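Student: Below are the structure tokens for one structure; questions will follow.
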Amino acid sequence: MPNRILKESITTSVSLANLTAEEERHFYRLIVQADDYGCFQAHPSIIRASGYTLLLDKVSTAQSDKWTHALARENIIHLYEANGKPYGHFVNWARYQQIRAQRRKWPEPSCDITCNQVKSD
């Protein structure tokens, strides 16, 4: 995955301010798992294994899942299902990140809410 950009405005984000320290740490670890379109595999065990590789003895799957749902609660991410598998995407991804890839790595989000995603070909 490419490097991700963090902008200064992150320090004044109301949605991030509503998170606990653990939930905010989860946000940063999830950012680097997302493809260029802000989508990621949302199976709790996959998020834990790829996001907390050196902390598996300290972070449980249940904790990771709880933190993922806290991000969804704050409308930072949107969780969806495609082909029977759980996925997620960052709601405002296109506003803050550059999209370099021409194709998505993961299925396109199916949004019940307004998604600020760039459509791919």
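Starting from 1 in every chain, residues are counted up; chains themselves are A, B, ... following the order of the structure tokens, and ligands are numbered from 1 as listed.
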Taking the chain letters and numbering used in this document, name the residues of chain A that DSSP puts in helix (DSSP H, G or I), as a VMD selection string.

Tutor: chain A and resid 8 to 12 14 to 17 21 to 31 44 to 51 53 to 55 61 to 73 93 to 96

Student: Let's see if you can do this: from backbone DSSP, list all strand (DSSP E) residues in chain A, as a list in words.

Tutor: Cys39, Phe40, Gln41, Ile77, His78, Leu79, Tyr80, Glu81, Ala82, Lys85, Pro86, Tyr87, Gly88, His89 and Phe90 of chain A

Student: Of the candidates A:Gln33, A:Thr53, A:Leu71, A:Lys85, which one gets nearest to Ala17 (chain A) if we count only C-alpha atoms?

Tutor: A:Leu71

Student: Quick one: residues within 10 Å of Gln97 (chain A), only C-alpha atoms, excluding same-chain residues fewer than 4 positions away - as a list in words?

Tutor: Asn3, Arg4, Ile5, Leu6, Lys7, Asp36, Tyr37, Gly38, Asn92 and Trp93 of chain A

Student: In Å to one decimal, how far is CA of Pro107 (chain A) from CA of Asp35 (chain A)?

Tutor: 10.5 Å

Student: So which one's closest to Gln41 (chain A), A:His78, A:Arg25, A:Lys58, A:Arg73? Using only C-alpha atoms, please.

Tutor: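 Of the candidates, the smallest distance to Gln41 (chain A) is held by A:His78.
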
Student: Residues at most 10 Å from Tyr52 (chain A), counting only C-alpha atoms, excluding those fewer than 4 positions away in the same chain, as a PyMOL selection string?

Tutor: chain A and resi 26+29-30+46-48+56-60+64

Student: Those residues with N, CA and C atoms, as a PDB file, in the first residue's frame please?

Tutor:
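Below is the file that was written, part35.pdb:
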```pdb
ATOM      1  N   HIS A  26      -6.581   2.972  16.446  1.00  0.00           N
ATOM      2  CA  HIS A  26      -7.150   2.029  15.486  1.00  0.00           C
ATOM      3  C   HIS A  26      -7.383   2.712  14.131  1.00  0.00           C
ATOM      4  N   ARG A  29      -4.115   2.886  12.246  1.00  0.00           N
ATOM      5  CA  ARG A  29      -3.703   1.558  11.785  1.00  0.00           C
ATOM      6  C   ARG A  29      -4.587   1.068  10.636  1.00  0.00           C
ATOM      7  N   LEU A  30      -5.828   1.499  10.630  1.00  0.00           N
ATOM      8  CA  LEU A  30      -6.747   1.098   9.557  1.00  0.00           C
ATOM      9  C   LEU A  30      -6.479   1.872   8.265  1.00  0.00           C
ATOM     10  N   ILE A  46      -8.915 -10.229  10.337  1.00  0.00           N
ATOM     11  CA  ILE A  46      -7.969  -9.686   9.350  1.00  0.00           C
ATOM     12  C   ILE A  46      -7.492  -8.313   9.792  1.00  0.00           C
ATOM     13  N   ILE A  47      -8.403  -7.469  10.262  1.00  0.00           N
ATOM     14  CA  ILE A  47      -8.007  -6.144  10.741  1.00  0.00           C
ATOM     15  C   ILE A  47      -7.012  -6.281  11.882  1.00  0.00           C
ATOM     16  N   ARG A  48      -7.308  -7.153  12.818  1.00  0.00           N
ATOM     17  CA  ARG A  48      -6.415  -7.353  13.971  1.00  0.00           C
ATOM     18  C   ARG A  48      -5.048  -7.867  13.523  1.00  0.00           C
ATOM     19  N   LEU A  56      -0.349  -8.757  18.878  1.00  0.00           N
ATOM     20  CA  LEU A  56      -1.402  -9.771  18.931  1.00  0.00           C
ATOM     21  C   LEU A  56      -1.642 -10.301  20.339  1.00  0.00           C
ATOM     22  N   ASP A  57      -0.627 -10.257  21.177  1.00  0.00           N
ATOM     23  CA  ASP A  57      -0.788 -10.705  22.558  1.00  0.00           C
ATOM     24  C   ASP A  57      -1.447  -9.639  23.441  1.00  0.00           C
ATOM     25  N   LYS A  58      -1.585  -8.420  22.916  1.00  0.00           N
ATOM     26  CA  LYS A  58      -2.147  -7.315  23.688  1.00  0.00           C
ATOM     27  C   LYS A  58      -3.498  -6.823  23.180  1.00  0.00           C
ATOM     28  N   VAL A  59      -3.817  -7.121  21.926  1.00  0.00           N
ATOM     29  CA  VAL A  59      -5.066  -6.651  21.317  1.00  0.00           C
ATOM     30  C   VAL A  59      -5.887  -7.855  20.876  1.00  0.00           C
ATOM     31  N   SER A  60      -7.083  -7.970  21.391  1.00  0.00           N
ATOM     32  CA  SER A  60      -7.948  -9.089  21.018  1.00  0.00           C
ATOM     33  C   SER A  60      -8.771  -8.737  19.779  1.00  0.00           C
ATOM     34  N   SER A  64     -10.472  -5.057  18.715  1.00  0.00           N
ATOM     35  CA  SER A  64     -10.313  -4.490  17.384  1.00  0.00           C
ATOM     36  C   SER A  64     -11.671  -4.257  16.724  1.00  0.00           C
TER      37      SER A  64
END
```

Student: When you draw a straight line from CA of Val91 (chain A) to CA of Ala70 (chain A), how long is it in Å?

Tutor: 13.9 Å

Student: Using only C-alpha atoms, find the one residue out of A:Ser50, A:Thr61, A:Ser45, A:Asn75 that sits nearest to Leu16 (chain A).

Tutor: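 Of A:Ser50, A:Thr61, A:Ser45, A:Asn75, the one nearest Leu16 (chain A), counting only C-alpha atoms, is A:Asn75.
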
Student: Could you jot down the CA of Gly88 (chain A) to CA of Pro109 (chain A) separation for me, Å, one decimal place?

Tutor: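 Those two atoms sit 7.3 Å apart.
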
Student: Which one of A:Pro44, A:Ala72, A:Glu24, A:Val32 sits closest to Thr11 (chain A) if you count only C-alpha atoms?

Tutor: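 Once distances to Thr11 (chain A) are computed over only C-alpha atoms, the minimum belongs to A:Glu24.
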
Student: Select, from A:Trp67, A:Glu108, A:Glu74, A:Thr12, the residue with the minimum atom-to-atom distance to Tyr28 (chain A), counting only C-alpha atoms.

Tutor: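 Looking only at the distances to Tyr28 (chain A), the closest residue turns out to be A:Trp67.
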